[in-house]
$ cat protein_32.txt   # compact mmCIF, C-alpha atoms
# COMPACT_ATOMS: atom_id res chain seq x y z
CA MET A 1 27.78 -5.51 -23.92
CA CYS A 2 24.03 -5.33 -23.75
CA ALA A 3 22.53 -8.27 -21.86
CA LYS A 4 18.94 -9.19 -22.63
CA LEU A 5 16.89 -11.09 -20.06
CA GLU A 6 14.48 -13.87 -20.95
CA PRO A 7 10.98 -12.33 -20.90
CA SER A 8 9.85 -14.66 -18.07
CA VAL A 9 12.93 -13.78 -16.00
CA GLU A 10 12.29 -10.08 -16.53
CA THR A 11 8.61 -10.45 -15.57
CA GLY A 12 9.68 -12.54 -12.56
CA LEU A 13 12.12 -9.90 -11.36
CA GLN A 14 9.45 -7.23 -11.73
CA PHE A 15 7.03 -9.36 -9.70
CA PHE A 16 9.62 -9.93 -6.98
CA GLY A 17 10.43 -6.21 -6.93
CA GLN A 18 6.78 -5.17 -6.67
CA MET A 19 6.12 -7.59 -3.84
CA THR A 20 9.20 -6.75 -1.80
CA ALA A 21 8.66 -3.00 -2.26
CA SER A 22 5.10 -3.41 -0.98
CA ILE A 23 6.29 -5.54 1.94
CA SER A 24 8.96 -3.01 2.91
CA HIS A 25 6.34 -0.24 2.78
CA GLU A 26 4.08 -2.24 5.10
CA ILE A 27 6.93 -2.90 7.52
CA LYS A 28 7.76 0.82 7.58
CA ASN A 29 4.14 1.52 8.53
CA VAL A 30 4.40 -0.95 11.39
CA LEU A 31 7.69 0.60 12.53
CA ALA A 32 6.12 4.06 12.43
CA ILE A 33 3.35 2.96 14.81
CA ILE A 34 5.78 1.28 17.20
CA ASN A 35 8.06 4.33 17.02
CA GLU A 36 5.21 6.71 17.93
CA ASN A 37 4.23 4.52 20.87
CA ALA A 38 7.84 4.48 22.10
CA GLY A 39 7.93 8.27 21.71
CA LEU A 40 4.67 8.66 23.62
CA LEU A 41 6.06 6.49 26.42
CA GLU A 42 9.04 8.82 26.59
CA ASP A 43 6.69 11.85 26.69
CA LEU A 44 4.67 10.25 29.49
CA ALA A 45 7.82 9.39 31.45
CA LEU A 46 8.95 13.04 31.20
CA MET A 47 5.51 14.17 32.40
CA ALA A 48 5.69 11.66 35.29
CA ASP A 49 9.09 13.13 36.25
CA ARG A 50 7.32 16.47 36.57
CA GLY A 51 4.63 14.96 38.80
CA THR A 52 1.83 14.05 36.33
CA ALA A 53 0.43 10.61 37.13
CA ILE A 54 0.31 8.05 34.30
CA GLU A 55 -2.98 6.19 33.99
CA PRO A 56 -2.35 2.42 33.90
CA GLN A 57 -5.06 2.06 31.22
CA ARG A 58 -3.01 4.27 28.87
CA LEU A 59 -0.04 1.96 29.24
CA LYS A 60 -2.24 -1.09 28.70
CA ASN A 61 -3.64 0.44 25.49
CA MET A 62 -0.18 1.26 24.22
CA SER A 63 1.04 -2.23 24.98
CA ARG A 64 -1.96 -3.69 23.10
CA VAL A 65 -1.23 -1.52 20.05
CA VAL A 66 2.45 -2.54 20.03
CA MET A 67 1.58 -6.24 20.35
CA LYS A 68 -0.93 -5.93 17.51
CA GLN A 69 1.74 -4.36 15.30
CA VAL A 70 4.32 -7.01 16.21
CA SER A 71 1.90 -9.72 15.15
CA ARG A 72 1.10 -7.77 11.95
CA ALA A 73 4.82 -7.56 11.14
CA ASP A 74 5.24 -11.23 11.93
CA ALA A 75 2.53 -12.15 9.38
CA ILE A 76 4.07 -9.82 6.75
CA ILE A 77 7.52 -11.34 7.25
CA LYS A 78 6.17 -14.91 7.16
CA ASN A 79 4.58 -14.15 3.77
CA MET A 80 7.82 -12.59 2.56
CA ASN A 81 9.65 -15.70 3.68
CA CYS A 82 7.23 -17.95 1.75
CA LEU A 83 7.71 -15.80 -1.36
CA ALA A 84 11.50 -15.97 -0.97
CA HIS A 85 11.41 -19.78 -0.59
CA SER A 86 9.25 -20.18 -3.70
CA VAL A 87 12.48 -20.11 -5.74
CA ASP A 88 14.23 -22.82 -3.69
CA GLU A 89 13.24 -25.57 -6.11
CA SER A 90 12.59 -24.71 -9.73
CA ILE A 91 9.82 -27.32 -9.97
CA LYS A 92 7.89 -28.89 -7.12
CA THR A 93 4.45 -30.07 -6.04
CA ILE A 94 2.34 -27.31 -4.54
CA ASP A 95 -1.12 -26.99 -3.05
CA LEU A 96 -3.07 -24.38 -5.00
CA ASN A 97 -4.94 -23.38 -1.83
CA ASP A 98 -1.65 -22.40 -0.13
CA ILE A 99 -0.53 -20.40 -3.16
CA LEU A 100 -3.83 -18.52 -3.43
CA GLU A 101 -3.76 -17.73 0.27
CA LEU A 102 -0.24 -16.37 -0.04
CA LEU A 103 -1.04 -14.39 -3.17
CA THR A 104 -4.13 -12.88 -1.53
CA ALA A 105 -2.07 -11.86 1.51
CA LEU A 106 0.69 -10.38 -0.66
CA SER A 107 -1.84 -8.43 -2.70
CA THR A 108 -3.69 -6.92 0.29
CA ARG A 109 -2.04 -3.51 0.02
CA PHE A 110 -2.44 -3.36 -3.78
CA ALA A 111 -6.13 -4.24 -3.38
CA SER A 112 -6.66 -1.73 -0.59
CA MET A 113 -5.06 1.06 -2.66
CA ARG A 114 -7.66 0.35 -5.34
CA GLY A 115 -10.52 -0.04 -2.89
CA VAL A 116 -10.86 -3.70 -3.97
CA THR A 117 -11.49 -6.78 -1.83
CA VAL A 118 -10.01 -10.08 -2.99
CA GLN A 119 -12.09 -13.08 -1.90
CA PRO A 120 -10.43 -16.47 -2.39
CA LYS A 121 -12.89 -19.39 -2.47
CA LEU A 122 -10.55 -22.20 -1.54
CA ASN A 123 -11.22 -25.89 -2.11
CA GLU A 124 -11.93 -27.91 1.01
CA SER A 125 -9.39 -30.51 -0.05
CA PRO A 126 -5.86 -29.78 -1.33
CA VAL A 127 -5.54 -29.10 -5.08
CA THR A 128 -2.03 -30.24 -5.93
CA LEU A 129 -0.02 -29.69 -9.06
CA ARG A 130 3.61 -29.96 -10.05
CA THR A 131 4.85 -26.67 -11.37
CA ALA A 132 7.43 -23.89 -11.08
CA PRO A 133 6.05 -22.23 -7.92
CA PHE A 134 7.55 -18.76 -8.34
CA PHE A 135 6.57 -18.35 -11.99
CA PHE A 136 3.19 -19.92 -11.27
CA MET A 137 2.55 -17.27 -8.63
CA ASN A 138 3.90 -14.61 -10.99
CA LEU A 139 1.35 -15.55 -13.67
CA LEU A 140 -1.49 -15.57 -11.14
CA TRP A 141 -0.34 -12.15 -9.90
CA LEU A 142 -0.46 -10.71 -13.44
CA CYS A 143 -4.04 -12.00 -13.70
CA LEU A 144 -4.99 -10.68 -10.26
CA ASP A 145 -3.39 -7.28 -10.87
CA PHE A 146 -5.37 -6.96 -14.09
CA ALA A 147 -8.53 -8.35 -12.44
CA MET A 148 -8.36 -5.73 -9.67
CA GLU A 149 -8.33 -3.01 -12.33
CA ALA A 150 -11.30 -4.66 -14.04
CA ALA A 151 -13.36 -5.22 -10.88
CA GLY A 152 -17.06 -4.39 -11.14
CA GLU A 153 -18.99 -1.78 -9.18
CA ASP A 154 -18.97 -3.89 -6.00
CA LYS A 155 -15.15 -3.86 -6.16
CA ILE A 156 -14.87 -7.55 -5.31
CA VAL A 157 -12.61 -10.00 -7.12
CA GLU A 158 -13.38 -13.65 -6.42
CA LEU A 159 -10.69 -16.29 -6.83
CA VAL A 160 -12.10 -19.73 -7.52
CA THR A 161 -10.17 -22.94 -8.08
CA GLN A 162 -11.52 -25.99 -9.83
CA LYS A 163 -10.16 -29.33 -10.95
CA THR A 164 -10.69 -30.26 -14.57
CA GLU A 165 -10.21 -33.52 -16.44
CA ASP A 166 -6.59 -32.82 -17.24
CA GLY A 167 -5.58 -30.06 -14.92
CA VAL A 168 -6.69 -27.21 -12.70
CA GLU A 169 -8.24 -23.82 -13.32
CA VAL A 170 -8.04 -20.60 -11.38
CA LEU A 171 -10.89 -18.23 -12.13
CA PHE A 172 -10.83 -14.51 -11.41
CA LYS A 173 -14.51 -13.63 -11.25
CA ARG A 174 -16.88 -10.65 -10.92
CA LEU A 175 -14.90 -8.50 -13.34
CA GLY A 176 -17.72 -6.17 -14.30
CA GLY A 177 -15.17 -3.66 -15.58
CA LEU A 178 -13.96 -5.95 -18.38
CA THR A 179 -14.73 -4.43 -21.75
CA GLY A 180 -14.46 -5.72 -25.27
CA ALA A 181 -11.46 -3.42 -25.86
CA PRO A 182 -8.27 -5.16 -26.99
CA LEU A 183 -6.25 -6.27 -23.96
CA ARG A 184 -2.81 -5.17 -25.09
CA SER A 185 -1.53 -4.77 -21.56
CA GLY A 186 -3.68 -7.59 -20.20
CA PRO A 187 -2.40 -10.77 -18.59
CA ALA A 188 -2.51 -12.75 -21.85
CA GLU A 189 -0.04 -10.30 -23.41
CA LEU A 190 2.14 -9.74 -20.34
CA GLY A 191 2.14 -13.40 -19.32
CA LYS A 192 2.95 -14.87 -22.73
CA GLY A 193 6.42 -16.04 -21.73
CA LEU A 194 5.15 -17.38 -18.41
CA CYS A 195 2.35 -19.33 -20.11
CA GLU A 196 4.90 -20.95 -22.40
CA LEU A 197 7.14 -21.76 -19.47
CA LEU A 198 4.30 -23.20 -17.37
CA GLY A 199 2.30 -24.81 -20.16
CA ALA A 200 -0.62 -22.64 -19.11
CA GLU A 201 -3.47 -21.01 -20.99
CA LEU A 202 -5.24 -17.76 -20.20
CA GLU A 203 -8.68 -16.82 -21.36
CA VAL A 204 -10.29 -13.45 -20.80
CA SER A 205 -14.06 -13.67 -21.13
CA THR A 206 -15.97 -10.39 -21.19
CA ASP A 207 -19.27 -12.32 -21.43
CA ASN A 208 -18.62 -14.22 -18.20
CA GLN A 209 -16.75 -11.26 -16.67
CA GLU A 210 -13.84 -13.48 -15.72
CA ILE A 211 -10.28 -14.51 -16.46
CA VAL A 212 -9.54 -18.23 -16.52
CA ALA A 213 -6.00 -19.53 -16.00
CA ARG A 214 -5.63 -23.20 -16.97
CA PHE A 215 -2.72 -25.33 -15.82
CA ALA A 216 -1.70 -28.95 -16.36
CA VAL A 217 -1.34 -30.95 -13.14
CA ASP A 218 2.25 -31.71 -14.05
CA ILE A 219 4.42 -29.16 -15.83
CA ASP A 220 6.57 -31.96 -17.35
CA ARG A 221 3.60 -33.86 -18.73
CA ASP A 222 2.33 -30.89 -20.71
CA MET B 1 -0.49 31.91 17.20
CA SER B 2 0.06 28.16 17.21
CA GLU B 3 0.63 26.23 14.03
CA LYS B 4 -2.56 24.77 12.53
CA VAL B 5 -1.74 21.29 11.30
CA LEU B 6 -3.79 18.64 9.49
CA ILE B 7 -2.40 15.09 9.60
CA VAL B 8 -3.74 12.58 7.08
CA ASP B 9 -3.02 8.86 7.34
CA ASP B 10 -5.13 5.73 6.96
CA GLU B 11 -3.13 4.02 9.73
CA LYS B 12 -5.28 5.13 12.67
CA ASP B 13 -2.91 3.75 15.32
CA PHE B 14 -0.19 5.97 13.87
CA LEU B 15 -2.41 8.98 13.29
CA ASP B 16 -3.87 9.17 16.80
CA ILE B 17 -0.54 9.01 18.60
CA ILE B 18 1.48 11.33 16.39
CA ALA B 19 -1.40 13.84 16.61
CA GLU B 20 -1.38 13.62 20.40
CA ARG B 21 2.39 14.10 20.54
CA ILE B 22 2.33 17.11 18.22
CA ARG B 23 -0.58 18.61 20.19
CA ALA B 24 1.49 18.17 23.37
CA ARG B 25 4.07 20.42 21.71
CA GLY B 26 1.60 23.29 21.50
CA MET B 27 0.22 22.90 18.00
CA ASP B 28 -3.41 22.87 16.89
CA VAL B 29 -3.82 19.46 15.23
CA SER B 30 -6.72 18.00 13.22
CA THR B 31 -6.73 14.53 11.69
CA ALA B 32 -8.25 12.69 8.73
CA THR B 33 -8.02 9.01 7.77
CA SER B 34 -8.52 9.53 4.04
CA ALA B 35 -7.42 11.99 1.39
CA GLU B 36 -11.08 12.64 0.50
CA ASP B 37 -11.87 13.70 4.08
CA ALA B 38 -8.72 15.82 4.15
CA LEU B 39 -9.75 17.60 0.92
CA ASN B 40 -13.14 18.39 2.43
CA MET B 41 -11.44 19.78 5.53
CA VAL B 42 -9.04 21.90 3.47
CA GLU B 43 -12.03 23.25 1.53
CA ALA B 44 -13.84 24.13 4.75
CA GLU B 45 -10.98 25.73 6.72
CA SER B 46 -7.41 26.84 6.24
CA PHE B 47 -4.39 25.01 7.60
CA ASP B 48 -0.78 26.13 7.84
CA VAL B 49 0.61 22.67 7.19
CA VAL B 50 -0.80 19.38 5.94
CA ILE B 51 1.20 16.23 6.74
CA MET B 52 -0.10 13.51 4.49
CA ASP B 53 0.69 9.86 3.85
CA PHE B 54 1.80 9.36 0.30
CA MET B 55 0.13 5.98 -0.22
CA MET B 56 -3.51 5.87 0.79
CA PRO B 57 -6.46 3.91 -0.56
CA ALA B 58 -8.60 5.40 -3.33
CA LEU B 59 -6.84 8.76 -3.72
CA ASP B 60 -3.05 8.66 -3.71
CA GLY B 61 -0.75 11.36 -2.37
CA PHE B 62 0.07 12.88 -5.78
CA LYS B 63 -3.58 13.40 -6.72
CA ALA B 64 -4.45 14.69 -3.25
CA LEU B 65 -1.43 17.03 -3.33
CA LYS B 66 -2.53 18.52 -6.67
CA LEU B 67 -6.14 18.97 -5.52
CA MET B 68 -5.11 20.53 -2.21
CA LYS B 69 -2.71 22.94 -3.86
CA ALA B 70 -5.47 23.92 -6.29
CA GLU B 71 -7.84 24.54 -3.37
CA GLN B 72 -5.38 26.28 -1.04
CA PRO B 73 -2.20 27.28 -2.90
CA GLU B 74 -0.56 28.65 0.25
CA VAL B 75 -0.92 25.46 2.24
CA GLN B 76 2.42 23.79 2.95
CA ILE B 77 2.30 20.04 2.39
CA ILE B 78 4.73 17.53 3.85
CA LEU B 79 4.38 14.01 2.46
CA LEU B 80 5.05 11.00 4.65
CA THR B 81 5.93 7.67 3.10
CA GLY B 82 7.26 4.22 3.83
CA ASN B 83 9.73 4.29 0.97
CA VAL B 84 9.96 6.66 -1.89
CA PRO B 85 12.13 6.40 -5.01
CA GLU B 86 14.12 9.56 -5.73
CA GLU B 87 12.16 10.33 -8.91
CA LYS B 88 8.88 10.34 -6.95
CA ARG B 89 10.42 12.66 -4.36
CA ILE B 90 11.46 15.07 -7.13
CA GLU B 91 8.02 14.83 -8.72
CA ALA B 92 6.31 15.54 -5.38
CA LYS B 93 8.43 18.64 -4.85
CA ALA B 94 7.76 19.78 -8.41
CA LEU B 95 4.04 19.51 -7.65
CA GLY B 96 4.50 21.81 -4.67
CA ALA B 97 5.25 19.51 -1.71
CA LEU B 98 7.49 21.23 0.82
CA ASP B 99 9.18 18.01 1.81
CA VAL B 100 8.96 14.23 1.61
CA ILE B 101 9.76 12.42 4.86
CA GLU B 102 10.26 8.70 5.33
CA LYS B 103 8.39 6.75 7.99
CA PRO B 104 9.03 6.40 10.87
CA PRO B 105 9.47 10.18 11.17
CA ASP B 106 11.77 11.81 13.69
CA LEU B 107 9.38 13.98 15.71
CA LYS B 108 11.94 16.68 16.55
CA ASP B 109 12.79 17.01 12.87
CA LEU B 110 9.10 17.03 11.91
CA ILE B 111 8.31 19.77 14.45
CA GLN B 112 11.15 21.88 13.01
CA LYS B 113 9.78 21.36 9.50
CA ILE B 114 6.25 22.36 10.61
CA LYS B 115 7.60 25.57 12.17
CA LYS B 116 9.63 26.32 9.05
CA ALA B 117 6.58 25.63 6.88
CA LYS B 118 4.42 27.96 8.96
CA LYS B 119 7.02 30.74 8.55
CA ALA B 120 7.19 30.15 4.79
CA GLN B 121 3.41 30.22 4.59
CA SER B 122 3.12 33.42 6.63
CA LYS B 123 5.53 35.08 4.20
CA VAL B 124 3.42 34.00 1.20
CA ARG B 125 0.23 35.21 2.88
CA GLY B 126 1.94 38.50 3.84
CA LYS B 127 3.05 39.09 0.24
CA LYS B 128 -0.46 38.32 -1.05
CA GLY B 129 -1.97 40.69 1.51
CA ARG B 130 0.36 43.52 0.48
CA LYS B 131 -0.43 42.94 -3.22
CA LYS B 132 -4.18 43.19 -2.54
CA LYS B 133 -3.70 46.53 -0.76
$ encode --input "protein_32.txt" --output "structure tokens"
Amino acid sequence: MCAKLEPSVETGLQFFGQMTASISHEIKNVLAIINENAGLLEDLALMADRGTAIEPQRLKNMSRVVMKQVSRADAIIKNMNCLAHSVDESIKTIDLNDILELLTALSTRFASMRGVTVQPKLNESPVTLRTAPFFFMNLLWLCLDFAMEAAGEDKIVELVTQKTEDGVEVLFKRLGGLTGAPLRSGPAELGKGLCELLGAELEVSTDNQEIVARFAVDIDRD
Amino acid sequence: MSEKVLIVDDEKDFLDIIAERIRARGMDVSTATSAEDALNMVEAESFDVVIMDFMMPALDGFKALKLMKAEQPEVQIILLTGNVPEEKRIEAKALGALDVIEKPPDLKDLIQKIKKAKKAQSKVRGKKGRKKK
């Protein structure tokens, strides 16, 4: 038997895999720092046994580093938890600001690997819409992943949200690297199934150096 | 002569402490926080072993590994990584990495690998020296 996944399910699984692999890599980095500090403590204790005094400042510094890493891991795990809970309800009302904050946090390592900074310009008031949160985030991730590759010379990708008459838009701006070449592997191609599922539209504009993702305020009303 | 080691990692809190612990075990350790800096250092002086994070901003471990091997073919490179799929591990070894170690590393094990790498490198250098004569 050869099972074939729905394209949106396949894209969703890939998104989940990419995010959790990145999170596990980050956690391993945190563990490595804590592990080295524990090892150094052991080294210092052995030296103290042989009569070398331990400077209290050293211990304070090590404690500060460990606490910093614990809080870093805590933030990573909180984001992972939010991602995991995004599949709890297939459709629900979300605040776009929360989703963009989460997506920016989840994409930090991907951005840093490319030398890119992602700058979300969040609305002062909540921008709510009723949608499928996980797939919504998946589509935004496809856009962001592509946008990071197409960032201009300043290597900044701006995320801007705006309300429209019948929905909301997320704009990925400052994409100086966008060219007129056909975007076969671009978000419009990759996110086709997700757009259908979410009733969304994607527009890649080389003139404005941006990608615009348009969503209806209510997935069921589209 | 003590082992001359270059450790490359963009996580400075990790880099500083592992370098100090390896130094305390009698090795001559230099550090770099980017693959670009490490490449410049490898160009400027020779190292017995380079221990390098696999995933770093701008220049990833594979590219850095290839460039370093092109610059100093004898240098022994151990890659450090959070997680690595088996196919990447095989690819890294095919490109000339001596080993791929997962973070957090076991220091005793790492020290053994550095010593082994230094021996392997001395052999290569010895053979090259004899060929030149």
$ residues_around --input "protein_32.txt" --residues "segment 30-34 of chain B" --least-positions-apart "4" --cutoff "8 Å" --atoms "all atoms listed in the file" --output "ChimeraX atom specification"
/B:4-12,15-16,19,38,56-57,59
$ axis_aligned_box --input "protein_32.txt" --around "segment 66-85 of chain A" --padding-each-side "3 Å" --output "AutoDock Vina command-line options"
--center_x 5.3 --center_y -11.2 --center_z 9.5 --size_x 18.4 --size_y 23.2 --size_z 27.7
$ atom_distance --input "protein_32.txt" --atom1 "atom CA of Asp28 of chain B" --atom2 "atom CA of Ile78 of chain B"
16.3 Å
$ atom_distance --input "protein_32.txt" --atom1 "atom CA of Leu159 of chain A" --atom2 "atom CA of Ala73 of chain A"
25.3 Å
$ interface_residues --input "protein_32.txt" --of "chain B" --to "chain A" --cutoff "10 Å" --atoms "all atoms listed in the file" --output "list in words"
Glu11, Lys12, Asp13, Phe14, Leu15, Asp16, Ile17, Ile18, Ala19, Glu20, Arg21, Ala24, Met55, Met56, Pro57, Ala58, Leu59, Asp60, Thr81, Gly82, Asn83, Val84, Glu102, Lys103, Pro104, Pro105, Asp106 and Leu107 of chain B
$ atom_distance --input "protein_32.txt" --atom1 "atom CA of Lys63 of chain B" --atom2 "atom CA of Glu149 of chain A"
18.0 Å
$ closest_residue --input "protein_32.txt" --among "B:Ile111, B:Val124, B:Met1, B:Ala117" --to "Glu74 of chain B" --atoms "all atoms listed in the file"
B:Val124
$ residues_near_point --input "protein_32.txt" --point "(0.1, 24.0, -6.8)" --cutoff "7 Å" --atoms "only C-alpha atoms" --output "list in words"
Lys66, Lys69, Ala70, Pro73, Leu95 and Gly96 of chain B
$ closest_residue --input "protein_32.txt" --among "A:Leu139, A:Val170, A:Ile54, A:Ala213" --to "Asn97 of chain A" --atoms "only C-alpha atoms"
A:Val170
$ residues_near_point --input "protein_32.txt" --point "(6.9, -18.8, -11.3)" --cutoff "12 Å" --atoms "all atoms listed in the file" --output "PyMOL selection string"
chain A and resi 8-16+83-92+94+99+130-142+191+193-200+219
$ closest_residue --input "protein_32.txt" --among "A:Thr179, A:Thr52, A:Asn81, A:Thr93" --to "Leu106 of chain A" --atoms "all atoms listed in the file"
A:Asn81
$ residues_around --input "protein_32.txt" --residues "Lys119 of chain B" --least-positions-apart "6" --cutoff "10 Å" --atoms "all atoms listed in the file" --output "MDAnalysis selection string"
chainID B and resid 3 48 113 125
